[in-house]
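All remarks here apply to the structure that follows.
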Amino acid sequence: MQELFAKISDKFYQELNYRAQHPMPPMNLIRNSGSIDVAHYIDNMSIYTKDVIEQCMLKRNSKVWEIGCGAGRIANGLINYLTVEGSYVGIDVDPEAVAWCEKNITVRNANFEFYPVNVGNNYYYKEDNQQLNKYDFSYLEDRQFDCAIALSVFNHLKLEDTRQYLQEIGRRLNRNGVAYLTFFTIDHEFFAFQERTKQHLSLNRHKNGIWYGYKRQSFFAGYESTTLEQLLAAANLRILNHSPGSWAQKKNSRIYLDWYLVTSDN
Ligand SMILES: C[S@@+](CC[C@H](N)C(=O)[O-])C[C@H]1O[C@@H](n2cnc3c(N)ncnc32)[C@H](O)[C@@H]1O
């Protein structure tokens, strides 16, 4: 038996071990989250949960808000970190993902809550009907959270949705709170990558500083750096740290997407 386990790589063993302890979402939800399979889901859960904890300096009793929580990749990681004095609220437009998280995460961790977001234009899953979404988070309090997370969400959302979410983050973060946000930033390194690899050639400049492409889960929203900085500033979010994304082979990248750590000046 020991010989058998010796043949199994550490990574695979870690996956088996994690699966034995925690229920895993069904494949359709794993894919909607941006993972190709369970192993990728667990890998990304470990990488990003660790990164969020380190970069946001999360405490065990921190209060966390995740926008676009999907099938609980980060929530599943944070259940091993946050104590009952801490809390987590996850929101998503996919009611199936929210229901899965409630049934499998909240049931064992009452301080982890999940809420569906009802939008008239759910262009991540359906055809874009051009309707403008209006978000209502009146069930949340101002300055309720120490940390907000939006991982691989705003790169799939149109300007008006992202603008509203950034405003909400500015409003719901407490004074020393921070937000871990990712984007596709359109900059000279992206254009060099596009030229070199001929990828993303069909992106269109939607309007000044904003680039859109593709459809549904592949919907691509990219922001030029100055546009993004203006969007953050308009929500009273101040940039504390930033790293370029490896998605466009940018130099000094830390993670796949362009990453911003911001704090609220509200
Ligand atoms: C690429 S997945 C990332 C999921 C999760 N953040 C993670 O890293 O595991 C994008 C997520 O954004 C959600 N989403 C799409 N449009 C949204 C919106 N308008 N508001 C909130 N969530 C949205 C999707 O349902 C999906 O779960």
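Chain labels run A, B, ... following the order of the structure tokens; each chain numbers its residues from 1, and ligands are numbered from 1 in the order shown.
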(message) I need the alpha helix (DSSP H) residues of segment 21-238 of chain A per DSSP on the backbone, written as an MDAnalysis selection string.
(response) chainID A and resid 21 27:32 38:55 73:78 95:101 159:172 188:197 225:234
Residues of chain A that have any atom at most 7 Å from an atom of ligand 1: could you tabulate them with the shortest-distance atom pair and the distance in Å to one decimal, using only C-alpha atoms and all ligand atoms, ordered by chain and increasing number, as a tab-separated table?
residue	atom	partner	partner_atom_place_in_ligand_line	distance
A:Asn32	CA	ligand 1	2 (S)	5.9
A:Ser33	CA	ligand 1	2 (S)	3.9
A:Gly34	CA	ligand 1	1 (C)	4.5
A:Ile67	CA	ligand 1	21 (C)	5.7
A:Gly68	CA	ligand 1	22 (N)	3.5
A:Cys69	CA	ligand 1	5 (C)	4.5
A:Gly70	CA	ligand 1	27 (O)	3.2
A:Ala71	CA	ligand 1	9 (O)	6.3
A:Gly72	CA	ligand 1	9 (O)	6.2
A:Arg73	CA	ligand 1	9 (O)	4.5
A:Ile74	CA	ligand 1	9 (O)	6.3
A:Ile91	CA	ligand 1	21 (C)	6.3
A:Asp92	CA	ligand 1	22 (N)	4.0
A:Val93	CA	ligand 1	22 (N)	4.7
A:Asp94	CA	ligand 1	25 (O)	4.7
A:Val117	CA	ligand 1	20 (N)	6.3
A:Val119	CA	ligand 1	19 (N)	6.9
A:Asn122	CA	ligand 1	16 (N)	6.3
A:Tyr124	CA	ligand 1	15 (C)	5.1
A:Ala150	CA	ligand 1	6 (N)	6.0
A:Leu151	CA	ligand 1	6 (N)	4.4
A:Ser152	CA	ligand 1	1 (C)	4.9
A:Val153	CA	ligand 1	12 (O)	4.7
A:His156	CA	ligand 1	15 (C)	6.8
A:Leu157	CA	ligand 1	16 (N)	6.3
A:Asp161	CA	ligand 1	19 (N)	6.4
Same residues, N, CA and C atoms, output as a PDB file, in the first residue's frame:
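Once written, again_39.pdb looks like this:
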ATOM      1  N   ASN A  32     -17.918  26.501 -15.191  1.00  0.00           N
ATOM      2  CA  ASN A  32     -18.397  27.889 -15.153  1.00  0.00           C
ATOM      3  C   ASN A  32     -17.477  28.780 -14.321  1.00  0.00           C
ATOM      4  N   SER A  33     -16.763  28.166 -13.372  1.00  0.00           N
ATOM      5  CA  SER A  33     -15.824  28.916 -12.525  1.00  0.00           C
ATOM      6  C   SER A  33     -14.516  29.198 -13.243  1.00  0.00           C
ATOM      7  N   GLY A  34     -14.325  28.560 -14.391  1.00  0.00           N
ATOM      8  CA  GLY A  34     -13.089  28.791 -15.129  1.00  0.00           C
ATOM      9  C   GLY A  34     -12.059  27.690 -14.917  1.00  0.00           C
ATOM     10  N   ILE A  67     -17.399  38.833  -4.769  1.00  0.00           N
ATOM     11  CA  ILE A  67     -18.297  39.098  -5.904  1.00  0.00           C
ATOM     12  C   ILE A  67     -17.979  38.072  -6.993  1.00  0.00           C
ATOM     13  N   GLY A  68     -19.006  37.385  -7.485  1.00  0.00           N
ATOM     14  CA  GLY A  68     -18.774  36.362  -8.511  1.00  0.00           C
ATOM     15  C   GLY A  68     -18.070  35.164  -7.905  1.00  0.00           C
ATOM     16  N   CYS A  69     -18.649  34.626  -6.837  1.00  0.00           N
ATOM     17  CA  CYS A  69     -17.984  33.546  -6.064  1.00  0.00           C
ATOM     18  C   CYS A  69     -18.048  32.200  -6.784  1.00  0.00           C
ATOM     19  N   GLY A  70     -18.922  32.076  -7.793  1.00  0.00           N
ATOM     20  CA  GLY A  70     -19.017  30.839  -8.561  1.00  0.00           C
ATOM     21  C   GLY A  70     -19.240  29.630  -7.675  1.00  0.00           C
ATOM     22  N   ALA A  71     -18.515  28.562  -7.984  1.00  0.00           N
ATOM     23  CA  ALA A  71     -18.692  27.290  -7.267  1.00  0.00           C
ATOM     24  C   ALA A  71     -17.798  27.218  -6.036  1.00  0.00           C
ATOM     25  N   GLY A  72     -17.533  28.376  -5.433  1.00  0.00           N
ATOM     26  CA  GLY A  72     -16.866  28.381  -4.121  1.00  0.00           C
ATOM     27  C   GLY A  72     -15.393  28.017  -4.123  1.00  0.00           C
ATOM     28  N   ARG A  73     -14.669  28.336  -5.218  1.00  0.00           N
ATOM     29  CA  ARG A  73     -13.233  27.990  -5.233  1.00  0.00           C
ATOM     30  C   ARG A  73     -12.499  28.647  -4.076  1.00  0.00           C
ATOM     31  N   ILE A  74     -12.783  29.935  -3.856  1.00  0.00           N
ATOM     32  CA  ILE A  74     -12.093  30.643  -2.771  1.00  0.00           C
ATOM     33  C   ILE A  74     -12.756  30.326  -1.430  1.00  0.00           C
ATOM     34  N   ILE A  91     -21.490  36.183  -3.520  1.00  0.00           N
ATOM     35  CA  ILE A  91     -22.645  36.477  -4.382  1.00  0.00           C
ATOM     36  C   ILE A  91     -22.315  36.072  -5.821  1.00  0.00           C
ATOM     37  N   ASP A  92     -23.344  35.656  -6.538  1.00  0.00           N
ATOM     38  CA  ASP A  92     -23.116  35.266  -7.940  1.00  0.00           C
ATOM     39  C   ASP A  92     -24.438  35.304  -8.706  1.00  0.00           C
ATOM     40  N   VAL A  93     -24.324  35.507 -10.031  1.00  0.00           N
ATOM     41  CA  VAL A  93     -25.536  35.505 -10.869  1.00  0.00           C
ATOM     42  C   VAL A  93     -26.023  34.109 -11.199  1.00  0.00           C
ATOM     43  N   ASP A  94     -25.223  33.087 -10.894  1.00  0.00           N
ATOM     44  CA  ASP A  94     -25.632  31.717 -11.224  1.00  0.00           C
ATOM     45  C   ASP A  94     -26.332  31.092 -10.010  1.00  0.00           C
ATOM     46  N   VAL A 117     -27.477  36.963  -7.268  1.00  0.00           N
ATOM     47  CA  VAL A 117     -27.637  38.321  -7.799  1.00  0.00           C
ATOM     48  C   VAL A 117     -28.604  38.197  -8.967  1.00  0.00           C
ATOM     49  N   VAL A 119     -30.091  39.635 -12.164  1.00  0.00           N
ATOM     50  CA  VAL A 119     -29.869  40.676 -13.168  1.00  0.00           C
ATOM     51  C   VAL A 119     -30.728  40.403 -14.398  1.00  0.00           C
ATOM     52  N   ASN A 122     -28.006  38.769 -18.095  1.00  0.00           N
ATOM     53  CA  ASN A 122     -26.975  37.854 -17.631  1.00  0.00           C
ATOM     54  C   ASN A 122     -26.168  37.371 -18.828  1.00  0.00           C
ATOM     55  N   TYR A 124     -23.159  36.651 -19.228  1.00  0.00           N
ATOM     56  CA  TYR A 124     -22.127  35.626 -19.005  1.00  0.00           C
ATOM     57  C   TYR A 124     -22.654  34.253 -19.450  1.00  0.00           C
ATOM     58  N   ALA A 150     -12.834  40.096  -6.117  1.00  0.00           N
ATOM     59  CA  ALA A 150     -13.494  39.842  -7.414  1.00  0.00           C
ATOM     60  C   ALA A 150     -12.421  39.250  -8.308  1.00  0.00           C
ATOM     61  N   LEU A 151     -12.395  37.923  -8.344  1.00  0.00           N
ATOM     62  CA  LEU A 151     -11.356  37.203  -9.075  1.00  0.00           C
ATOM     63  C   LEU A 151     -11.926  36.687 -10.395  1.00  0.00           C
ATOM     64  N   SER A 152     -11.381  37.187 -11.484  1.00  0.00           N
ATOM     65  CA  SER A 152     -11.828  36.793 -12.820  1.00  0.00           C
ATOM     66  C   SER A 152     -13.325  37.060 -13.028  1.00  0.00           C
ATOM     67  N   VAL A 153     -13.744  38.240 -12.656  1.00  0.00           N
ATOM     68  CA  VAL A 153     -15.146  38.635 -12.837  1.00  0.00           C
ATOM     69  C   VAL A 153     -15.222  39.892 -13.713  1.00  0.00           C
ATOM     70  N   HIS A 156     -14.969  39.880 -17.326  1.00  0.00           N
ATOM     71  CA  HIS A 156     -16.112  39.318 -18.078  1.00  0.00           C
ATOM     72  C   HIS A 156     -17.318  40.254 -18.027  1.00  0.00           C
ATOM     73  N   LEU A 157     -17.169  41.426 -17.423  1.00  0.00           N
ATOM     74  CA  LEU A 157     -18.329  42.314 -17.248  1.00  0.00           C
ATOM     75  C   LEU A 157     -18.172  43.609 -18.021  1.00  0.00           C
ATOM     76  N   ASP A 161     -21.600  47.468 -15.392  1.00  0.00           N
ATOM     77  CA  ASP A 161     -21.653  46.502 -14.279  1.00  0.00           C
ATOM     78  C   ASP A 161     -20.421  46.678 -13.392  1.00  0.00           C
TER      79      ASP A 161
END
(message) What's around His206 of chain A at 12 Å? Count only C-alpha atoms, leave out sequence neighbours fewer than 5 positions away in its own chain, and write the answer as a PyMOL selection string.
(response) chain A and resi 158-159+211-213+220-224
(request) For each of A:Ala234, A:Leu203, A:Ile36, A:Val89, take the minimum atom-to-atom distance to Glu66 of chain A, counting only C-alpha atoms, then give the residue where this is smallest. (result)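 Nearest candidate to Glu66 of chain A out of A:Ala234, A:Leu203, A:Ile36, A:Val89: A:Val89.
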(request) For atom CA of Asn155 of chain A and atom CA of Tyr256 of chain A, determine how far apart the two atoms are, in Å to one decimal place. (result)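 Atom-to-atom, atom CA of Asn155 of chain A to atom CA of Tyr256 of chain A, that is 11.9 Å.
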(message) I need the residue nearest Cys147 of chain A from this list: A:Ala97, A:Ile105, A:Ala248, A:Leu58. Use only C-alpha atoms for the distance.
(response)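 Comparing A:Ala97, A:Ile105, A:Ala248, A:Leu58 against Cys147 of chain A, the winner is A:Leu58.
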(request) Extract, using only C-alpha atoms, all DNA, RNA and protein residues at most 6 Å from Leu82 of chain A, discarding same-chain residues fewer than 4 positions from it, and format them as a list in words. (result)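 Once the nearby chain positions are removed, what remains is Arg60, Asn61, Leu78 and Gly86 of chain A.
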(request) Assign secondary structure with DSSP using the backbone only, and return the residues of segment 34-159 of chain A in strand (DSSP E or B) as a VMD selection string. (result) chain A and resid 63 to 67 87 to 92 112 to 116 145 to 150
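The list of residues with at least one atom within 7 Å of Trp65 of chain A, based on only C-alpha atoms and without residues fewer than 3 positions apart in the same chain, reads Tyr88, Val89, Gly90, Phe145, Cys147, Ala148 and Ile149 of chain A.
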(request) With a distance cut-off of 12 Å and only C-alpha atoms, select the neighbouring residues of Phe190 of chain A, excluding the residue or stretch itself and same-chain residues fewer than 2 positions from it, and output the selection as a ChimeraX atom specification. (result) /A:184-188,192-201,203,211,222-225,244-251,257-258
